[in-house]
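Text of work.txt (compact mmCIF, C-alpha atoms) as supplied:
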# COMPACT_ATOMS: atom_id res chain seq x y z
CA MET A 1 0.00 0.00 0.00
CA SER A 2 1.26 3.49 -0.81
CA GLY A 3 1.33 6.40 1.55
CA ASP A 4 3.10 9.65 2.33
CA ASP A 5 4.42 8.69 5.75
CA ASP A 6 6.43 5.82 7.16
CA SER A 7 7.90 4.87 3.78
CA SER A 8 11.42 4.56 5.30
CA GLY A 9 12.99 5.38 1.95
CA TRP A 10 10.86 3.01 -0.16
CA GLN A 11 9.46 4.73 -3.25
CA LEU A 12 6.32 4.10 -5.28
CA THR A 13 6.54 1.31 -7.86
CA GLU A 14 4.64 1.02 -11.13
CA SER A 15 2.51 -2.03 -11.88
CA ASP A 16 4.57 -2.79 -14.97
CA PRO A 17 5.92 -6.18 -16.10
CA GLY A 18 9.21 -4.64 -17.19
CA VAL A 19 9.76 -3.19 -13.72
CA PHE A 20 8.99 -6.48 -11.96
CA THR A 21 11.12 -8.49 -14.41
CA GLU A 22 14.08 -6.15 -13.87
CA LEU A 23 13.64 -6.54 -10.10
CA LEU A 24 13.70 -10.34 -10.44
CA LYS A 25 16.82 -10.07 -12.60
CA THR A 26 18.50 -7.98 -9.90
CA LEU A 27 17.56 -10.63 -7.34
CA GLY A 28 19.16 -13.31 -9.50
CA VAL A 29 15.83 -15.03 -10.16
CA PRO A 30 15.44 -16.50 -13.71
CA LEU A 31 11.73 -15.70 -14.00
CA LEU A 32 9.85 -12.91 -15.70
CA VAL A 33 6.56 -11.11 -15.25
CA ASP A 34 3.92 -10.57 -17.93
CA ASP A 35 0.67 -8.63 -18.05
CA LEU A 36 -2.50 -10.68 -17.82
CA TYR A 37 -5.47 -9.18 -19.66
CA SER A 38 -7.72 -12.21 -19.32
CA LEU A 39 -8.12 -15.16 -16.97
CA ASP A 40 -9.55 -17.48 -19.61
CA GLU A 41 -7.99 -20.91 -20.01
CA ALA A 42 -6.33 -20.15 -23.35
CA SER A 43 -4.62 -16.98 -22.11
CA LEU A 44 -3.25 -18.73 -19.03
CA ALA A 45 -2.11 -21.75 -21.05
CA GLU A 46 0.13 -19.51 -23.19
CA LEU A 47 2.04 -18.42 -20.08
CA GLN A 48 2.68 -21.85 -18.57
CA PRO A 49 4.49 -22.81 -16.45
CA LEU A 50 3.04 -20.10 -14.25
CA HIS A 51 4.19 -19.81 -10.62
CA ALA A 52 2.24 -16.91 -9.11
CA LEU A 53 -0.29 -14.16 -9.84
CA ILE A 54 0.34 -10.62 -8.58
CA PHE A 55 -2.86 -8.65 -8.08
CA LEU A 56 -3.02 -4.85 -7.72
CA PHE A 57 -6.24 -3.43 -6.34
CA LYS A 58 -7.78 -0.45 -4.60
CA TRP A 59 -7.24 -1.03 -0.90
CA VAL A 60 -9.97 -0.51 1.68
CA ASP A 61 -9.47 -1.30 5.35
CA GLY A 62 -12.07 -3.94 6.12
CA GLY A 63 -11.33 -3.98 9.85
CA SER A 64 -12.60 -7.56 10.14
CA SER A 65 -11.06 -10.76 11.47
CA ILE A 66 -12.66 -12.59 8.52
CA PRO A 67 -10.82 -12.33 5.17
CA SER A 68 -12.78 -9.99 2.91
CA SER A 69 -11.72 -12.07 -0.10
CA GLY A 70 -13.10 -15.32 1.28
CA GLY A 71 -11.07 -18.31 2.42
CA GLN A 72 -9.68 -18.93 5.88
CA TYR A 73 -6.66 -17.52 7.67
CA ASP A 74 -3.92 -20.12 8.11
CA ALA A 75 -1.83 -19.09 11.11
CA ASP A 76 0.18 -22.32 10.78
CA PHE A 77 1.23 -21.70 7.16
CA PRO A 78 4.65 -23.40 6.94
CA GLY A 79 5.96 -21.44 3.97
CA PHE A 80 7.48 -17.97 3.73
CA PHE A 81 5.25 -15.03 4.64
CA ALA A 82 6.24 -11.48 5.60
CA HIS A 83 4.15 -8.56 6.79
CA GLN A 84 4.36 -5.13 5.19
CA VAL A 85 5.74 -2.86 7.89
CA VAL A 86 6.48 0.27 5.82
CA ASN A 87 4.50 2.04 3.10
CA ASN A 88 5.36 1.73 -0.60
CA ALA A 89 7.12 -1.63 -0.16
CA CYS A 90 4.17 -3.86 -1.09
CA ALA A 91 5.30 -4.48 -4.68
CA THR A 92 8.63 -5.98 -3.64
CA LEU A 93 7.00 -7.68 -0.67
CA ALA A 94 4.52 -9.40 -2.98
CA VAL A 95 7.45 -10.60 -5.10
CA MET A 96 9.26 -11.88 -2.00
CA ASN A 97 6.16 -13.67 -0.73
CA ALA A 98 5.85 -15.34 -4.13
CA ILE A 99 9.43 -16.41 -4.84
CA GLY A 100 9.99 -17.41 -1.22
CA ASN A 101 7.52 -20.26 -1.80
CA ILE A 102 8.72 -21.65 -5.16
CA PRO A 103 10.59 -24.91 -4.50
CA GLY A 104 14.08 -25.22 -5.96
CA LEU A 105 14.09 -21.70 -7.40
CA LYS A 106 17.49 -20.37 -8.44
CA MET A 107 18.34 -17.03 -6.86
CA GLY A 108 21.23 -14.68 -6.23
CA PRO A 109 23.41 -15.04 -3.13
CA GLN A 110 22.06 -11.94 -1.39
CA LEU A 111 18.46 -13.08 -1.77
CA ALA A 112 19.32 -16.63 -0.68
CA GLU A 113 21.07 -15.25 2.41
CA LEU A 114 18.12 -13.00 3.26
CA LEU A 115 15.57 -15.80 2.97
CA SER A 116 17.82 -18.09 5.02
CA PHE A 117 18.15 -15.38 7.67
CA THR A 118 14.37 -14.98 7.98
CA ALA A 119 13.71 -18.73 8.24
CA GLY A 120 11.69 -19.43 11.38
CA MET A 121 10.81 -15.77 11.97
CA ASP A 122 7.23 -14.65 12.53
CA PRO A 123 5.68 -12.56 9.69
CA GLN A 124 6.18 -9.24 11.46
CA THR A 125 9.87 -9.85 12.12
CA SER A 126 10.38 -11.17 8.58
CA GLY A 127 8.81 -7.99 7.24
CA MET A 128 11.13 -5.86 9.34
CA ALA A 129 14.16 -7.83 8.17
CA ILE A 130 13.17 -7.45 4.51
CA THR A 131 12.40 -3.74 4.60
CA SER A 132 15.59 -3.09 6.61
CA SER A 133 17.67 -4.61 3.81
CA ASP A 134 19.50 -1.72 2.14
CA TRP A 135 20.38 -3.63 -1.04
CA LEU A 136 16.78 -4.77 -1.52
CA ARG A 137 15.43 -1.24 -1.01
CA GLU A 138 17.95 0.04 -3.56
CA ALA A 139 16.84 -2.63 -6.05
CA HIS A 140 13.20 -1.64 -5.42
CA ASN A 141 13.92 2.08 -5.86
CA ALA A 142 16.18 1.65 -8.91
CA LEU A 143 13.24 1.87 -11.33
CA SER A 144 11.25 4.52 -9.48
CA PRO A 145 11.28 7.88 -11.27
CA PRO A 146 13.91 10.14 -9.65
CA SER A 147 12.70 13.38 -8.12
CA ALA A 148 14.81 16.46 -7.52
CA ILE A 149 11.85 18.55 -6.36
CA SER A 150 10.62 18.42 -2.78
CA LEU A 151 7.36 19.99 -1.61
CA GLU A 152 8.10 19.39 2.06
CA GLY A 153 8.09 22.44 4.31
CA LEU A 154 5.73 24.41 2.06
CA ASP A 155 2.72 23.86 4.36
CA LEU A 156 0.58 22.74 1.44
CA PRO A 157 -2.88 21.40 2.29
CA LYS A 158 -3.01 17.67 2.87
CA THR A 159 -4.93 15.68 0.29
CA THR A 160 -6.34 12.19 0.63
CA GLU A 161 -5.70 9.85 -2.28
CA ASP A 162 -6.89 6.34 -2.94
CA ALA A 163 -4.43 3.67 -1.84
CA TYR A 164 -3.53 0.72 -4.06
CA HIS A 165 -1.95 -2.48 -2.88
CA PHE A 166 -0.12 -5.54 -4.29
CA ILE A 167 -0.84 -9.08 -3.11
CA VAL A 168 0.05 -12.49 -4.53
CA TYR A 169 -1.74 -15.79 -5.21
CA ILE A 170 0.34 -18.98 -5.21
CA PRO A 171 -0.09 -22.76 -5.14
CA TYR A 172 1.29 -24.28 -1.96
CA ALA A 173 0.92 -27.80 -0.53
CA GLY A 174 -2.07 -28.56 -2.74
CA SER A 175 -4.02 -25.38 -1.92
CA VAL A 176 -4.27 -21.88 -3.38
CA TYR A 177 -3.01 -19.24 -0.95
CA GLU A 178 -3.40 -15.48 -0.92
CA LEU A 179 -0.39 -13.73 0.61
CA ASP A 180 -1.20 -10.18 1.63
CA GLY A 181 1.39 -8.39 3.76
CA LEU A 182 -1.32 -6.30 5.40
CA LYS A 183 -3.22 -9.35 6.68
CA GLN A 184 -2.43 -11.24 9.86
CA SER A 185 -1.81 -14.58 8.10
CA PRO A 186 -1.90 -16.17 4.66
CA VAL A 187 -5.42 -16.92 3.42
CA ASN A 188 -6.13 -20.50 2.34
CA HIS A 189 -8.67 -20.57 -0.49
CA GLY A 190 -8.96 -24.33 -0.57
CA VAL A 191 -7.59 -27.40 -2.26
CA TYR A 192 -7.23 -27.41 -6.04
CA SER A 193 -7.40 -30.30 -8.50
CA GLU A 194 -4.11 -31.42 -10.05
CA SER A 195 -5.89 -32.27 -13.30
CA GLY A 196 -6.84 -29.79 -16.02
CA GLU A 197 -5.62 -26.28 -15.29
CA GLY A 198 -4.47 -27.19 -11.80
CA TRP A 199 -4.18 -24.36 -9.29
CA LEU A 200 -5.05 -21.69 -11.85
CA ALA A 201 -8.69 -22.82 -12.05
CA LYS A 202 -9.12 -22.23 -8.32
CA ALA A 203 -7.16 -18.96 -8.44
CA ARG A 204 -9.37 -17.73 -11.29
CA ASP A 205 -12.53 -18.30 -9.24
CA VAL A 206 -11.06 -16.44 -6.26
CA ILE A 207 -9.82 -13.46 -8.30
CA GLN A 208 -13.00 -13.18 -10.37
CA ALA A 209 -15.08 -13.21 -7.18
CA ARG A 210 -12.93 -10.37 -5.88
CA ILE A 211 -13.20 -8.37 -9.10
CA ALA A 212 -16.98 -8.85 -9.00
CA THR A 213 -17.11 -6.77 -5.80
CA TYR A 214 -16.16 -3.67 -7.84
CA PRO A 215 -18.71 -1.67 -9.86
CA PRO A 216 -19.23 -2.89 -13.46
CA GLY A 217 -16.54 -1.50 -15.75
CA ALA A 218 -14.24 -0.50 -12.87
CA LEU A 219 -10.54 -0.29 -13.72
CA GLU A 220 -9.25 -0.33 -10.16
CA PHE A 221 -7.10 -3.43 -10.46
CA SER A 222 -4.49 -5.13 -12.63
CA LEU A 223 -3.03 -8.63 -12.81
CA LEU A 224 0.51 -9.84 -13.49
CA ALA A 225 1.79 -13.38 -14.05
CA VAL A 226 5.10 -14.69 -12.66
CA ARG A 227 6.33 -17.30 -15.14
CA ASP A 228 9.35 -19.09 -16.54
CA ASP A 229 11.33 -17.21 -19.18
CA PRO A 230 10.04 -18.77 -22.42
CA ILE A 231 13.07 -17.90 -24.57
CA PRO A 232 15.31 -20.89 -23.62
CA ARG A 233 12.44 -23.32 -24.28
CA LEU A 234 11.54 -21.65 -27.59
CA GLN A 235 15.17 -21.70 -28.71
CA GLU A 236 15.42 -25.41 -27.93
CA GLN A 237 12.20 -26.18 -29.77
CA LEU A 238 13.37 -24.11 -32.76
CA ALA A 239 16.63 -26.04 -32.99
CA GLN A 240 14.75 -29.35 -32.92
CA LEU A 241 12.30 -28.27 -35.63
CA GLN A 242 15.04 -26.94 -37.88
CA ALA A 243 17.06 -30.14 -37.44
CA ALA A 244 13.97 -32.18 -38.40
CA GLY A 245 13.32 -30.00 -41.44
CA HIS A 246 9.94 -28.67 -40.22
CA GLN A 247 10.45 -25.20 -41.63
CA SER A 248 6.83 -23.98 -41.40
CA ASP A 249 6.62 -24.76 -37.68
CA ALA A 250 10.08 -23.28 -37.20
CA ALA A 251 8.95 -20.06 -38.86
CA GLU A 252 6.17 -19.69 -36.29
CA LEU A 253 8.67 -20.08 -33.45
CA ILE A 254 10.96 -17.51 -35.04
CA VAL A 255 8.10 -15.00 -34.95
CA ARG A 256 7.39 -15.82 -31.29
CA LEU A 257 11.06 -15.42 -30.40
CA ALA A 258 11.19 -12.09 -32.23
CA ASN A 259 8.15 -10.91 -30.26
CA GLU A 260 9.75 -11.95 -26.96
CA ASN A 261 13.02 -10.19 -27.80
CA SER A 262 11.14 -7.09 -28.95
CA LYS A 263 9.27 -7.02 -25.65
CA ARG A 264 12.54 -7.11 -23.72
CA GLU A 265 13.98 -4.32 -25.82
CA ARG A 266 10.90 -2.23 -25.07
CA TRP A 267 11.17 -2.97 -21.34
CA ALA A 268 14.87 -2.00 -21.36
CA PHE A 269 14.08 1.29 -23.12
CA GLU A 270 11.19 2.12 -20.76
CA ASN A 271 13.31 1.29 -17.71
CA SER A 272 16.08 3.58 -18.97
CA LEU A 273 13.51 6.38 -19.16
CA ARG A 274 12.43 5.64 -15.60
CA ARG A 275 16.01 6.00 -14.36
CA HIS A 276 16.61 9.32 -16.08
CA ASN A 277 16.18 12.67 -14.31
CA TYR A 278 14.49 15.13 -16.66
CA LEU A 279 14.74 18.23 -14.46
CA GLY A 280 17.49 19.88 -16.52
CA PHE A 281 15.65 19.23 -19.75
CA ILE A 282 12.38 20.60 -18.33
CA HIS A 283 14.12 23.74 -17.05
CA ALA A 284 15.68 24.44 -20.44
CA LEU A 285 12.41 23.73 -22.24
CA LEU A 286 10.44 26.14 -20.05
CA LEU A 287 13.04 28.89 -20.55
CA ASN A 288 12.87 28.53 -24.33
CA MET A 289 9.06 28.42 -24.33
CA ALA A 290 8.98 31.63 -22.27
CA LYS A 291 11.35 33.32 -24.71
CA ALA A 292 9.20 32.16 -27.63
CA GLY A 293 6.00 33.42 -25.97
CA THR A 294 4.32 29.98 -25.90
CA LEU A 295 4.58 29.23 -22.19
CA GLU A 296 1.27 30.80 -21.10
CA ALA A 297 -0.75 28.93 -23.72
CA ALA A 298 0.95 25.67 -22.77
CA LYS A 299 0.24 26.34 -19.09
CA ASP A 300 -3.45 26.92 -19.79
CA GLY A 301 -3.60 23.71 -21.79
CA ALA A 302 -1.90 21.79 -18.98
CA LYS A 303 -4.39 23.14 -16.44
CA LYS A 304 -7.28 22.01 -18.64
CA ALA A 305 -5.74 18.55 -19.09
CA LEU A 306 -5.17 18.25 -15.34
CA GLN A 307 -8.76 19.16 -14.61
CA GLU A 308 -9.97 16.53 -17.10
CA ARG A 309 -7.72 13.95 -15.44
CA ILE A 310 -9.12 14.85 -12.02
CA GLU A 311 -12.66 14.41 -13.29
CA LYS A 312 -11.78 11.02 -14.82
CA LYS A 313 -10.24 9.92 -11.54
CA LYS A 314 -13.39 10.91 -9.68
CA ARG A 315 -15.34 8.69 -12.07
CA GLY A 316 -12.92 5.80 -11.42
CA GLU A 317 -11.41 5.84 -14.90
CA LEU A 318 -7.83 6.37 -13.72
CA MET A 319 -5.74 4.44 -11.23
CA ASP A 320 -2.54 5.45 -9.42
CA GLU A 321 -0.15 2.53 -8.99
CA ASP A 322 2.00 1.59 -6.02
Can you give me the file's structure in the form of structure tokens?
Amino acid sequence: MSGDDDSSGWQLTESDPGVFTELLKTLGVPLLVDDLYSLDEASLAELQPLHALIFLFKWVDGGSSIPSSGGQYDADFPGFFAHQVVNNACATLAVMNAIGNIPGLKMGPQLAELLSFTAGMDPQTSGMAITSSDWLREAHNALSPPSAISLEGLDLPKTTEDAYHFIVYIPYAGSVYELDGLKQSPVNHGVYSESGEGWLAKARDVIQARIATYPPGALEFSLLAVRDDPIPRLQEQLAQLQAAGHQSDAAELIVRLANENSKRERWAFENSLRRHNYLGFIHALLLNMAKAGTLEAAKDGAKKALQERIEKKKRGELMDED
């Protein structure tokens, strides 16, 4: 969940697959994250094997001992689970709660040491250990837009904004679990069938039931899939098809590989933009616009666009991401 206080140096994170994939790369985890636009069987099948679903939603404090999303709290959950103890850290915490429960997952030495250190800790202490990790906070903040402008000390009126929060759904010990760092314990949503779609069929029912609690047409949530990197598998399949002389099938795989590589190039470009500080450019642009006599017209247009954005947000058509 995002907030203005008690962030302890953790910055807001976009709900973007390129950001999450870069974070996993920094952690030494050979997985990637993709957008999910549909929960239908065909869409999920294209992303297999799929290890976790990251869900971003508008957060409302239920204040109840009963999980608002259904299921039952499991205080004896034997896997890894950490509480969120500072604001703005829920994106990385959702990732940690996911990858900390994937058996045999390869990871970098710092991450392996951190997970080993938290073994046996209660969720609150685990959360404190994670958010006190300087290297992990730096990895989290690396793709947050830099800011050289501070509004602190200006005594500006406080505004209340909607809070958005990341949680994760995973398969564990034959059941689908919801791991939410703001809840007291993991939520067990029940046993899933190993046949057919496996855990994803149960997860779909749980997530769709949650989405159904929002007004029709609401855009106050997004869904990301944590999956294996498909490129090594596609490359292996391509080599086999080419060796067997199946050129038409090989051509299809070449297109899929090109799409995957193009996606990574786009992510790399977008992440480079996120790292860049545009203050100098903006200052020079404003000076030149003032000299050219176009600054006032641009300012009026920006005010109009801002007002339209505010009205859309009031109607629930825009969503700020943590």
Test item: axis-aligned box, all listed atoms of segment 75-80 of chain A, 3 Å on each side, centre and edges in Å rounded to one decimal, as lines of an AutoDock Vina configuration file:
center_x = 2.8
center_y = -20.7
center_z = 7.4
size_x = 15.3
size_y = 11.4
size_z = 13.4
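Taking all atoms listed in the file into account, Ala139 of chain A lies nearest to A:Thr92 out of the set A:Ala292, A:Thr92, A:Pro232, A:Gly217.
Of the listed residues A:Lys58, A:Lys304, A:His276, A:Arg204, the one whose atoms come nearest to Phe166 of chain A is A:Lys58, with distances taken using all atoms listed in the file.
Distances to Phe269 of chain A were evaluated for A:Gly18, A:Gly120, A:Gly127, A:Gly9 using only C-alpha atoms, and the minimum falls at A:Gly18.
Closest approach to Lys202 of chain A among A:Pro171, A:Lys291, A:Ile231, A:Ala225 is made by A:Pro171 (distances from only C-alpha atoms).
Closest approach to Thr21 of chain A among A:Ala302, A:Val255, A:Val33, A:Ala173: A:Val33, based on all atoms listed in the file.
Residues with any atom within 7 Å of Pro186 of chain A, counting only C-alpha atoms and excluding same-chain neighbours fewer than 4 positions away, are Tyr73, Asp74, Phe77, Tyr177, Glu178, Leu179 and Asp180 of chain A.
Across the model, the gap from atom CA of Tyr169 of chain A to atom CA of Glu197 of chain A is 15.1 Å.
Closest to Gly190 of chain A among A:Ala284, A:Ala212, A:Ile170, A:Leu219 is A:Ile170, based on only C-alpha atoms.
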Give me the residues within 10 Å of Asp228 of chain A as a ChimeraX atom specification, counting all atoms listed in the file and dropping any in the same chain fewer than 4 places off. /A:29-33,47-51,232-233
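Taking atom CA of Asp249 of chain A and atom CA of Gln237 of chain A as the two end points, the separation is 9.8 Å.
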